[in-house]
$ cat run-v6.tsv   # TSV, C-alpha atoms and all ligand atoms
chain	number	residue	atom	x	y	z
P	1	MET	CA	-16.90	-36.25	-10.62
P	2	GLU	CA	-17.57	-35.56	-14.29
P	3	ALA	CA	-15.15	-36.87	-16.92
P	4	HIS	CA	-13.14	-34.19	-18.76
P	5	SER	CA	-11.46	-34.38	-22.13
P	6	ASP	CA	-7.62	-34.60	-22.12
P	7	GLY	CA	-7.34	-30.95	-23.21
P	8	SER	CA	-9.51	-29.61	-20.44
P	9	ILE	CA	-7.77	-31.80	-17.79
P	10	GLN	CA	-4.47	-30.31	-18.92
P	11	SER	CA	-5.68	-26.74	-18.85
P	12	ALA	CA	-7.37	-27.23	-15.45
P	13	GLN	CA	-4.19	-28.75	-14.02
P	14	ALA	CA	-2.12	-25.99	-15.60
P	15	LYS	CA	-4.40	-23.46	-13.90
P	16	ILE	CA	-3.84	-25.09	-10.50
P	17	TRP	CA	-0.06	-25.18	-11.06
P	18	GLU	CA	-0.12	-21.51	-12.02
P	19	LEU	CA	-1.93	-20.77	-8.75
P	20	ILE	CA	0.39	-23.00	-6.70
P	21	TYR	CA	3.39	-21.07	-7.97
P	22	GLY	CA	1.71	-17.66	-7.62
P	23	PHE	CA	4.00	-16.98	-4.64
P	24	ALA	CA	7.05	-17.55	-6.87
P	25	ASP	CA	6.12	-14.57	-9.06
P	26	SER	CA	6.09	-12.19	-6.09
P	27	LEU	CA	9.33	-13.56	-4.67
P	28	ILE	CA	11.15	-13.42	-8.02
P	29	LEU	CA	9.91	-9.84	-8.36
P	30	ARG	CA	11.35	-9.20	-4.87
P	31	CYS	CA	14.65	-10.81	-5.93
P	32	ALA	CA	14.89	-8.38	-8.89
P	33	VAL	CA	14.42	-5.45	-6.49
P	34	GLU	CA	16.89	-6.79	-3.92
P	35	LEU	CA	19.54	-7.24	-6.62
P	36	GLY	CA	18.79	-3.83	-8.16
P	37	ILE	CA	18.59	-5.37	-11.67
P	38	ALA	CA	16.40	-2.57	-13.09
P	39	ASP	CA	18.73	0.08	-11.62
P	40	ILE	CA	21.79	-1.58	-13.18
P	41	ILE	CA	20.20	-1.60	-16.65
P	42	HIS	CA	18.77	1.91	-16.22
P	43	LYS	CA	22.18	3.32	-15.13
P	44	ALA	CA	23.85	1.73	-18.16
P	45	GLY	CA	21.46	3.77	-20.32
P	46	ARG	CA	21.26	0.90	-22.86
P	47	ARG	CA	20.52	-2.83	-23.04
P	48	ILE	CA	23.28	-4.94	-21.45
P	49	THR	CA	24.63	-8.48	-21.67
P	50	LEU	CA	24.36	-11.07	-18.91
P	51	SER	CA	28.12	-10.68	-18.28
P	52	GLU	CA	27.74	-6.91	-17.81
P	53	LEU	CA	24.80	-7.49	-15.48
P	54	ALA	CA	26.75	-10.11	-13.52
P	55	SER	CA	29.68	-7.71	-13.08
P	56	GLN	CA	27.39	-5.15	-11.40
P	57	LEU	CA	25.69	-7.52	-8.94
P	58	PRO	CA	26.66	-7.21	-5.27
P	59	PHE	CA	28.64	-10.51	-5.26
P	60	GLU	CA	32.32	-11.17	-5.73
P	61	THR	CA	31.58	-14.00	-8.16
P	62	VAL	CA	28.25	-14.72	-9.79
P	63	ASN	CA	26.84	-18.09	-10.83
P	64	LYS	CA	25.95	-17.11	-14.41
P	65	ASP	CA	23.75	-20.14	-15.00
P	66	HIS	CA	21.60	-19.13	-12.00
P	67	LEU	CA	21.48	-15.53	-13.18
P	68	TYR	CA	20.53	-16.67	-16.70
P	69	ARG	CA	17.60	-18.72	-15.31
P	70	VAL	CA	16.35	-15.93	-13.09
P	71	MET	CA	16.53	-13.47	-16.02
P	72	ARG	CA	14.74	-15.98	-18.25
P	73	TYR	CA	11.85	-15.98	-15.78
P	74	LEU	CA	11.87	-12.19	-15.35
P	75	VAL	CA	11.70	-11.82	-19.14
P	76	ARG	CA	8.75	-14.24	-19.16
P	77	MET	CA	7.11	-12.05	-16.50
P	78	LYS	CA	7.49	-9.14	-18.98
P	79	LEU	CA	9.57	-7.07	-16.58
P	80	PHE	CA	12.67	-7.22	-18.77
P	81	THR	CA	13.30	-7.78	-22.47
P	82	LYS	CA	15.84	-10.07	-24.13
P	83	GLN	CA	17.17	-9.30	-27.56
P	84	VAL	CA	18.98	-12.11	-29.38
P	85	GLN	CA	22.11	-10.94	-31.24
P	86	ALA	CA	24.00	-12.27	-34.23
P	87	THR	CA	25.87	-15.59	-33.69
P	88	GLY	CA	28.84	-15.18	-31.36
P	89	HIS	CA	27.33	-12.18	-29.54
P	90	GLU	CA	25.63	-12.37	-26.14
P	91	PRO	CA	21.91	-11.48	-25.99
P	92	LEU	CA	21.01	-8.07	-24.59
P	93	TYR	CA	18.69	-7.47	-21.63
P	94	GLY	CA	16.62	-4.29	-21.35
P	95	LEU	CA	13.75	-2.87	-19.30
P	96	ALA	CA	10.19	-3.74	-20.36
P	97	PRO	CA	7.52	-1.06	-19.64
P	98	ALA	CA	6.52	-2.68	-16.28
P	99	GLY	CA	10.20	-3.05	-15.30
P	100	LYS	CA	10.56	0.75	-15.26
P	101	TYR	CA	8.51	0.76	-12.03
P	102	LEU	CA	11.45	-1.06	-10.38
P	103	VAL	CA	13.89	1.75	-11.15
P	104	SER	CA	14.59	3.72	-7.99
P	105	GLY	CA	14.72	7.49	-7.59
P	106	TRP	CA	11.50	8.55	-9.32
P	107	ASP	CA	8.09	9.18	-7.81
P	108	GLN	CA	6.41	6.17	-9.49
P	109	CYS	CA	8.96	3.62	-8.23
P	110	MET	CA	7.13	0.65	-6.64
P	111	SER	CA	10.15	-1.05	-5.04
P	112	ALA	CA	9.30	0.03	-1.46
P	113	SER	CA	5.80	-1.47	-1.89
P	114	ILE	CA	7.29	-4.71	-3.24
P	115	LEU	CA	9.71	-5.03	-0.33
P	116	THR	CA	6.99	-4.24	2.24
P	117	VAL	CA	4.28	-6.55	0.95
P	118	THR	CA	6.65	-9.49	0.31
P	119	ASP	CA	8.57	-9.13	3.59
P	120	LYS	CA	8.80	-12.49	5.41
P	121	ASP	CA	6.85	-11.24	8.42
P	122	MET	CA	4.15	-9.72	6.20
P	123	VAL	CA	3.75	-12.99	4.31
P	124	ALA	CA	3.66	-15.20	7.46
P	125	PRO	CA	0.04	-14.24	8.39
P	126	TRP	CA	-1.21	-15.61	5.03
P	127	HIS	CA	-0.41	-19.12	6.37
P	128	HIS	CA	-2.98	-18.49	9.11
P	129	LEU	CA	-5.88	-17.60	6.77
P	130	PRO	CA	-7.86	-20.81	7.44
P	131	ALA	CA	-7.79	-20.27	11.23
P	132	THR	CA	-9.21	-16.74	10.87
P	133	LEU	CA	-12.47	-18.25	9.62
P	134	GLN	CA	-13.21	-19.53	13.11
P	135	ALA	CA	-15.53	-17.09	14.89
P	136	GLY	CA	-13.76	-15.17	17.66
P	137	SER	CA	-10.24	-15.92	16.37
P	138	THR	CA	-7.42	-13.36	16.73
P	139	THR	CA	-6.00	-11.74	13.60
P	140	ALA	CA	-3.67	-13.88	11.50
P	141	PHE	CA	-0.95	-11.29	12.13
P	142	GLU	CA	-1.24	-11.90	15.88
P	143	ALA	CA	-1.33	-15.68	15.38
P	144	ALA	CA	1.85	-15.49	13.28
P	145	LEU	CA	3.80	-12.80	15.12
P	146	GLY	CA	2.38	-12.76	18.64
P	147	LYS	CA	1.17	-9.13	18.70
P	148	ASP	CA	-1.22	-6.87	16.82
P	149	ILE	CA	0.42	-5.13	13.86
P	150	TRP	CA	0.72	-1.67	15.52
P	151	SER	CA	2.29	-3.02	18.77
P	152	TYR	CA	4.63	-5.14	16.62
P	153	MET	CA	5.71	-2.07	14.61
P	154	GLY	CA	6.31	-0.23	17.89
P	155	LYS	CA	8.73	-2.98	18.99
P	156	HIS	CA	10.55	-3.65	15.68
P	157	ALA	CA	12.18	-0.44	14.47
P	158	GLU	CA	13.51	-1.91	11.19
P	159	LYS	CA	10.12	-3.40	10.21
P	160	ASN	CA	8.42	-0.16	11.23
P	161	LYS	CA	10.80	1.79	8.95
P	162	LEU	CA	10.15	-0.62	6.05
P	163	PHE	CA	6.38	-0.49	6.56
P	164	ASN	CA	6.35	3.32	6.74
P	165	GLU	CA	8.50	3.57	3.59
P	166	GLY	CA	6.12	1.22	1.75
P	167	MET	CA	3.12	3.29	2.81
P	168	ALA	CA	4.93	6.56	2.03
P	169	GLY	CA	5.72	5.45	-1.55
P	170	ASP	CA	2.08	4.70	-2.16
P	171	THR	CA	1.00	7.90	-0.44
P	172	ARG	CA	3.25	10.11	-2.60
P	173	LEU	CA	1.52	8.84	-5.74
P	174	LEU	CA	-1.93	9.05	-4.27
P	175	THR	CA	-1.47	12.54	-2.84
P	176	SER	CA	-0.44	14.01	-6.18
P	177	ALA	CA	-3.68	12.58	-7.69
P	178	LEU	CA	-5.65	13.88	-4.66
P	179	ILE	CA	-4.31	17.43	-5.03
P	180	ARG	CA	-4.66	17.41	-8.83
P	181	GLU	CA	-8.15	15.92	-8.98
P	182	CYS	CA	-9.71	17.04	-5.64
P	183	GLY	CA	-7.88	20.31	-4.90
P	184	ASP	CA	-11.24	22.08	-4.42
P	185	MET	CA	-11.95	20.01	-1.28
P	186	PHE	CA	-9.12	21.85	0.52
P	187	ARG	CA	-9.89	25.38	-0.59
P	188	GLY	CA	-10.99	27.71	2.25
P	189	ALA	CA	-9.68	25.41	5.00
P	190	THR	CA	-7.27	26.84	7.57
P	191	SER	CA	-6.23	23.60	9.29
P	192	ILE	CA	-5.93	19.88	8.53
P	193	VAL	CA	-5.07	16.97	10.81
P	194	ASP	CA	-3.96	13.76	9.09
P	195	VAL	CA	-5.08	11.06	11.53
P	196	GLY	CA	-2.79	8.03	11.36
P	197	GLY	CA	-0.78	10.13	8.93
P	198	GLY	CA	2.34	7.96	9.25
P	199	THR	CA	5.57	9.84	8.59
P	200	GLY	CA	3.78	12.91	7.15
P	201	THR	CA	4.20	12.24	3.41
P	202	ALA	CA	0.66	13.26	2.44
P	203	LEU	CA	0.68	16.45	4.50
P	204	CYS	CA	4.07	17.49	3.22
P	205	ALA	CA	2.64	17.59	-0.33
P	206	ILE	CA	-0.62	19.21	0.82
P	207	ALA	CA	1.27	21.89	2.78
P	208	LYS	CA	3.31	22.73	-0.34
P	209	ALA	CA	0.18	22.98	-2.49
P	210	PHE	CA	-1.82	24.96	0.12
P	211	PRO	CA	0.72	26.97	2.15
P	212	ASP	CA	-2.01	28.83	4.12
P	213	ILE	CA	-3.34	25.63	5.72
P	214	LYS	CA	-1.88	24.62	9.09
P	215	CYS	CA	-0.98	20.95	8.71
P	216	THR	CA	-0.61	18.50	11.60
P	217	VAL	CA	0.24	14.81	11.36
P	218	PHE	CA	-1.19	12.73	14.21
P	219	ASP	CA	-0.04	9.16	14.83
P	220	LEU	CA	1.13	6.71	17.50
P	221	PRO	CA	4.25	7.75	19.48
P	222	HIS	CA	6.65	5.28	17.80
P	223	VAL	CA	5.65	6.55	14.34
P	224	ILE	CA	5.92	10.25	15.26
P	225	ALA	CA	9.29	9.58	16.95
P	226	HIS	CA	10.72	8.27	13.65
P	227	SER	CA	9.05	10.66	11.23
P	228	PRO	CA	11.14	13.25	9.37
P	229	ASP	CA	10.96	16.84	10.53
P	230	TYR	CA	9.17	18.69	7.69
P	231	PRO	CA	9.18	22.39	8.68
P	232	GLU	CA	5.69	22.96	7.24
P	233	VAL	CA	4.09	20.01	9.11
P	234	ALA	CA	3.48	19.92	12.88
P	235	ARG	CA	3.70	16.48	14.53
P	236	LEU	CA	1.60	15.19	17.35
P	237	ALA	CA	1.61	11.77	19.03
P	238	GLY	CA	-1.60	10.29	20.42
P	239	ASP	CA	-4.33	7.69	20.16
P	240	MET	CA	-7.24	8.39	17.78
P	241	PHE	CA	-9.58	6.30	19.97
P	242	LYS	CA	-9.01	8.73	22.86
P	243	SER	CA	-8.97	12.14	21.24
P	244	ILE	CA	-8.27	13.74	17.86
P	245	PRO	CA	-6.80	17.29	17.59
P	246	THR	CA	-9.26	19.87	16.25
P	247	ALA	CA	-9.12	21.13	12.64
P	248	ASN	CA	-11.41	22.21	9.76
P	249	ILE	CA	-10.53	19.04	7.90
P	250	ILE	CA	-9.66	15.61	9.25
P	251	LEU	CA	-7.88	13.46	6.68
P	252	MET	CA	-7.71	9.67	7.07
P	253	LYS	CA	-5.88	7.70	4.40
P	254	CYS	CA	-5.83	3.92	4.67
P	255	ILE	CA	-7.02	4.07	8.28
P	256	LEU	CA	-10.61	2.88	8.40
P	257	HIS	CA	-9.78	-0.21	6.30
P	258	ASP	CA	-7.69	-1.36	9.31
P	259	TRP	CA	-10.69	-1.58	11.61
P	260	ARG	CA	-13.95	-3.45	12.16
P	261	ASP	CA	-17.19	-1.51	11.71
P	262	GLU	CA	-17.67	-0.88	15.48
P	263	ASP	CA	-14.17	0.65	15.75
P	264	CYS	CA	-14.68	2.74	12.58
P	265	VAL	CA	-17.86	4.20	14.05
P	266	LYS	CA	-15.92	5.14	17.22
P	267	ILE	CA	-13.16	6.79	15.15
P	268	LEU	CA	-15.68	8.66	12.97
P	269	LYS	CA	-17.44	9.95	16.11
P	270	LYS	CA	-14.09	11.21	17.49
P	271	CYS	CA	-13.51	12.96	14.14
P	272	LYS	CA	-16.94	14.55	14.39
P	273	GLU	CA	-15.98	16.01	17.81
P	274	ALA	CA	-12.75	17.39	16.30
P	275	VAL	CA	-14.24	19.48	13.47
P	276	PRO	CA	-16.29	22.73	13.65
P	277	LYS	CA	-20.07	22.58	13.08
P	278	GLU	CA	-19.62	25.21	10.31
P	279	GLY	CA	-17.87	23.67	7.30
P	280	GLY	CA	-16.00	20.94	9.16
P	281	LYS	CA	-15.48	17.70	7.24
P	282	VAL	CA	-13.69	14.39	7.19
P	283	ILE	CA	-11.84	13.28	4.06
P	284	ILE	CA	-11.53	9.49	3.93
P	285	VAL	CA	-9.14	8.04	1.37
P	286	ASP	CA	-9.66	4.30	1.05
P	287	ILE	CA	-10.63	1.64	-1.45
P	288	VAL	CA	-14.28	1.50	-2.58
P	289	LEU	CA	-14.72	-2.12	-3.56
P	290	ASP	CA	-16.82	-3.24	-6.51
P	291	PRO	CA	-16.05	-6.97	-6.83
P	292	LYS	CA	-17.97	-7.23	-10.13
P	293	SER	CA	-15.98	-4.46	-11.81
P	294	SER	CA	-13.65	-5.38	-14.66
P	295	HIS	CA	-11.33	-2.48	-13.75
P	296	PRO	CA	-7.65	-3.60	-13.89
P	297	LEU	CA	-7.19	-2.77	-10.17
P	298	THR	CA	-10.16	-4.88	-8.96
P	299	HIS	CA	-7.97	-7.95	-8.36
P	300	MET	CA	-5.48	-5.90	-6.31
P	301	LYS	CA	-8.35	-4.37	-4.29
P	302	MET	CA	-9.70	-7.82	-3.47
P	303	CYS	CA	-6.21	-8.96	-2.39
P	304	MET	CA	-5.99	-5.86	-0.18
P	305	ASP	CA	-9.32	-6.85	1.38
P	306	LEU	CA	-7.87	-10.22	2.42
P	307	ASP	CA	-4.61	-8.53	3.42
P	308	MET	CA	-6.62	-6.33	5.82
P	309	LEU	CA	-8.50	-9.38	7.13
P	310	LEU	CA	-5.14	-10.97	7.97
P	311	MET	CA	-3.03	-8.00	9.06
P	312	THR	CA	-5.46	-5.94	11.07
P	313	GLY	CA	-8.87	-7.62	11.13
P	314	GLY	CA	-10.16	-4.76	8.94
P	315	LYS	CA	-11.74	-4.78	5.48
P	316	GLU	CA	-12.11	-2.98	2.18
P	317	ARG	CA	-15.69	-1.72	1.81
P	318	THR	CA	-18.27	-1.38	-0.94
P	319	GLU	CA	-20.07	1.94	-1.37
P	320	GLU	CA	-23.05	0.52	0.52
P	321	GLU	CA	-20.82	-0.50	3.44
P	322	TRP	CA	-19.27	2.99	3.52
P	323	ARG	CA	-22.74	4.56	3.51
P	324	ASN	CA	-23.84	2.40	6.48
P	325	LEU	CA	-20.69	3.24	8.43
P	326	ILE	CA	-20.97	7.00	7.86
P	327	GLN	CA	-24.67	6.98	8.73
P	328	SER	CA	-24.06	4.89	11.89
P	329	ALA	CA	-21.59	7.54	13.08
P	330	GLY	CA	-24.40	10.12	12.79
P	331	TYR	CA	-23.05	12.01	9.78
P	332	LYS	CA	-25.40	14.05	7.58
P	333	GLY	CA	-24.02	12.94	4.22
P	334	TYR	CA	-21.08	12.08	2.00
P	335	LYS	CA	-19.75	12.34	-1.56
P	336	ILE	CA	-17.50	9.83	-3.28
P	337	LYS	CA	-14.95	10.83	-5.92
P	338	HIS	CA	-13.01	8.19	-7.82
P	339	ILE	CA	-9.50	9.35	-8.69
P	340	SER	CA	-6.62	7.87	-10.68
P	341	ALA	CA	-5.49	5.61	-7.82
P	342	ALA	CA	-6.62	2.35	-6.20
P	343	GLN	CA	-8.22	4.39	-3.39
P	344	SER	CA	-11.19	6.74	-3.78
P	345	VAL	CA	-11.91	9.94	-1.88
P	346	ILE	CA	-14.95	10.07	0.41
P	347	GLU	CA	-15.89	13.54	1.65
P	348	ALA	CA	-17.97	12.95	4.80
P	349	PHE	CA	-20.01	15.75	6.37
P	350	PRO	CA	-20.65	15.33	10.12
P	351	TYR	CA	-23.08	18.29	10.44
I	401	LIG	C1	-1.92	1.81	7.12
I	401	LIG	S1	-1.09	3.02	7.95
I	401	LIG	C2	-1.54	4.48	7.04
I	401	LIG	C3	-0.52	5.56	7.09
I	401	LIG	C4	-0.84	6.78	6.22
I	401	LIG	N1	-2.13	7.32	6.48
I	401	LIG	C5	-0.70	6.40	4.78
I	401	LIG	O1	-1.68	6.12	4.13
I	401	LIG	O2	0.45	6.34	4.32
I	401	LIG	C6	-2.09	3.18	9.40
I	401	LIG	C7	-1.53	4.20	10.38
I	401	LIG	O3	-2.43	4.27	11.50
I	401	LIG	C8	-1.65	4.46	12.65
I	401	LIG	N2	-2.43	4.10	13.85
I	401	LIG	C9	-2.79	2.86	14.24
I	401	LIG	N3	-3.50	2.93	15.40
I	401	LIG	C10	-3.57	4.25	15.72
I	401	LIG	C11	-4.16	4.96	16.83
I	401	LIG	N4	-4.81	4.30	17.78
I	401	LIG	N5	-4.05	6.32	16.84
I	401	LIG	C12	-3.37	6.97	15.87
I	401	LIG	N6	-2.80	6.36	14.79
I	401	LIG	C13	-2.89	5.01	14.73
I	401	LIG	C14	-0.45	3.54	12.41
I	401	LIG	O4	0.63	3.83	13.24
I	401	LIG	C15	-0.17	3.81	10.93
I	401	LIG	O5	0.75	4.85	10.73
I	402	LIG	O1	0.68	-4.80	5.27
I	402	LIG	C1	0.29	-3.78	4.68
I	402	LIG	C2	0.85	-3.35	3.47
I	402	LIG	C3	0.37	-2.21	2.87
I	402	LIG	C4	0.94	-1.66	1.67
I	402	LIG	C5	2.28	-1.55	1.53
I	402	LIG	C6	2.80	-0.95	0.43
I	402	LIG	C7	1.94	-0.43	-0.52
I	402	LIG	O2	2.44	0.17	-1.60
I	402	LIG	C8	0.60	-0.53	-0.38
I	402	LIG	C9	0.09	-1.12	0.74
I	402	LIG	O3	-0.66	-1.51	3.35
I	402	LIG	C10	-1.17	-1.84	4.53
I	402	LIG	C11	-2.17	-1.00	5.06
I	402	LIG	O4	-2.62	0.06	4.37
I	402	LIG	C12	-2.68	-1.30	6.30
I	402	LIG	O5	-3.61	-0.44	6.74
I	402	LIG	C13	-2.27	-2.41	7.02
I	402	LIG	C14	-1.31	-3.26	6.51
I	402	LIG	C15	-0.74	-2.97	5.24

$ encode --input "run-v6.tsv" --output "structure tokens"
Amino acid sequence: MEAHSDGSIQSAQAKIWELIYGFADSLILRCAVELGIADIIHKAGRRITLSELASQLPFETVNKDHLYRVMRYLVRMKLFTKQVQATGHEPLYGLAPAGKYLVSGWDQCMSASILTVTDKDMVAPWHHLPATLQAGSTTAFEAALGKDIWSYMGKHAEKNKLFNEGMAGDTRLLTSALIRECGDMFRGATSIVDVGGGTGTALCAIAKAFPDIKCTVFDLPHVIAHSPDYPEVARLAGDMFKSIPTANIILMKCILHDWRDEDCVKILKKCKEAVPKEGGKVIIVDIVLDPKSSHPLTHMKMCMDLDMLLMTGGKERTEEEWRNLIQSAGYKGYKIKHISAAQSVIEAFPY
């Protein structure tokens, strides 16, 4: 080991401590959502004191010292602001720009994502990361929870609801970018099937933007059984590995990242069978990873890659990996469009 100066020892140790307590940041963020702190401040329409905040929390009596310390950390995380007042007056707490994403009831609210990703069962597989490095191991999700993620969701209605809400929140944001920035991809189509479309959030928005397109959401029976009944979206339960309903366009958002290459090739071949030879296409919406990029979302994309490794045994792919996959499924070509979202849009042409 090389000797370090005192300063560099301290900053190296500080770095390790910051990493050790990385989990605390996500769980304190979760605490803010569970307590509805951003909603309380937003509803007040102004900055509020700790006493006012305490009076709105869902407890009969509040330990104000504990609340003060949690707020001190949330202010440090730049989710909330603290304004010191003149002597004798309590400081005022407000929403910082990032804290606005914790306010419920608007389309950019990220609370459902926070609650989904930090759920106890969703965090448990991370403790099994080392074991997944052994060749032939099961997924970490299975090691932690005894079943693959989709069977687990089929058996746990509450977790399934939470997961679908988390996905739907993300999908609402993404679909508005998809329609705004890639609307041309849908023009001229008469039918779309959203494979693994969850509770139908993406198709609901697409059906509103393109009322002449017949929209069908296709997913596993337990998902279809709990999805809302949107009049403009037909619902169909099934298994994409067996057969996919026919349409001009097959949409797959956050599907292929759940699967290993061999499974993706099978799914892409099933999609190929489902679209017409004239003008049929598959629209894949997934992350295109560029680990060297300095884009602000690169860190999140790399976390999602490990999340997929743990949850499903899938992966986030680089452009080269996408090209290999699409070519292995016998497709003629593809085009990638980067949009204002973590995911990109890959238009894949089977014929
Ligand atoms: C990560 S979610 C994506 C949901 C939706 N596309 C979105 O982005 O919000 C993956 C979806 O694939 C569905 N799925 C998993 N296995 C499937 C199968 N064999 N056939 C059809 N859907 C499946 C799951 O039920 C789940 O809704
Ligand atoms: O376990 C997950 C979590 C997510 C997720 C939840 C909420 C968001 O706002 C974004 C992502 O996504 C997943 C996903 O796409 C998947 O295919 C498997 C597992 C998860």

$ residues_near_ligand --input "run-v6.tsv" --ligand "ligand LIG 402 (chain I)" --cutoff "10 Å" --atoms "only C-alpha atoms and all ligand atoms" --output "number ranges by chain"
P: 109-119, 121-123, 125, 141, 149-150, 162-171, 173, 196, 253-259, 286, 304-305, 307-316, 342

$ residues_around --input "run-v6.tsv" --residues "Gly197 in chain P" --least-positions-apart "3" --cutoff "10 Å" --atoms "all atoms listed in the file" --output "PyMOL selection string"
chain P and resi 167-168+171+193-194+200-203+216-220+223-224+235+251-255

$ atom_distance --input "run-v6.tsv" --atom1 "atom C15 of ligand LIG 401 (chain I)" --atom2 "CA of Ala205 in chain P"
18.0 Å

$ residues_around --input "run-v6.tsv" --residues "Ala44 in chain P" --least-positions-apart "3" --cutoff "12 Å" --atoms "only C-alpha atoms" --output "PyMOL selection string"
chain P and resi 37-41+47-49+52-53+56+93-95

$ atom_distance --input "run-v6.tsv" --atom1 "CA of Arg172 in chain P" --atom2 "CA of Cys204 in chain P"
9.4 Å

$ residues_around --input "run-v6.tsv" --residues "Ala98 in chain P" --least-positions-apart "4" --cutoff "8 Å" --atoms "all atoms listed in the file" --output "PyMOL selection string"
chain P and resi 78-79+102

$ residues_around --input "run-v6.tsv" --residues "range 295-298 of chain P" --least-positions-apart "6" --cutoff "10 Å" --atoms "only C-alpha atoms" --output "mmCIF file with C-alpha atoms, in the frame of the given file"
data_model
loop_
_atom_site.group_PDB
_atom_site.id
_atom_site.type_symbol
_atom_site.label_atom_id
_atom_site.label_comp_id
_atom_site.auth_asym_id
_atom_site.auth_seq_id
_atom_site.Cartn_x
_atom_site.Cartn_y
_atom_site.Cartn_z
ATOM 1 C CA ILE P 287 -10.630 1.640 -1.450
ATOM 2 C CA VAL P 288 -14.280 1.500 -2.580
ATOM 3 C CA LEU P 289 -14.720 -2.120 -3.560
ATOM 4 C CA MET P 304 -5.990 -5.860 -0.180
ATOM 5 C CA ALA P 341 -5.490 5.610 -7.820
ATOM 6 C CA ALA P 342 -6.620 2.350 -6.200
ATOM 7 C CA GLN P 343 -8.220 4.390 -3.390
#

$ atom_distance --input "run-v6.tsv" --atom1 "CA of Tyr351 in chain P" --atom2 "CA of Leu178 in chain P"
23.5 Å

$ closest_residue --input "run-v6.tsv" --among "P:Gly105, P:Pro130, P:Gly238, P:Gly22" --to "ligand LIG 401 (chain I)" --atoms "only C-alpha atoms and all ligand atoms"
P:Gly238

$ closest_residue --input "run-v6.tsv" --among "P:Ser11, P:Thr138, P:Ser26, P:Thr175" --to "ligand LIG 401 (chain I)" --atoms "all atoms listed in the file"
P:Thr175

$ closest_residue --input "run-v6.tsv" --among "P:Asp229, P:Lys337, P:Arg69, P:Ile20" --to "Asp184 in chain P" --atoms "only C-alpha atoms"
P:Lys337

$ closest_residue --input "run-v6.tsv" --among "P:Asp239, P:Glu18, P:Glu347, P:Asp65" --to "ligand LIG 401 (chain I)" --atoms "only C-alpha atoms and all ligand atoms"
P:Asp239
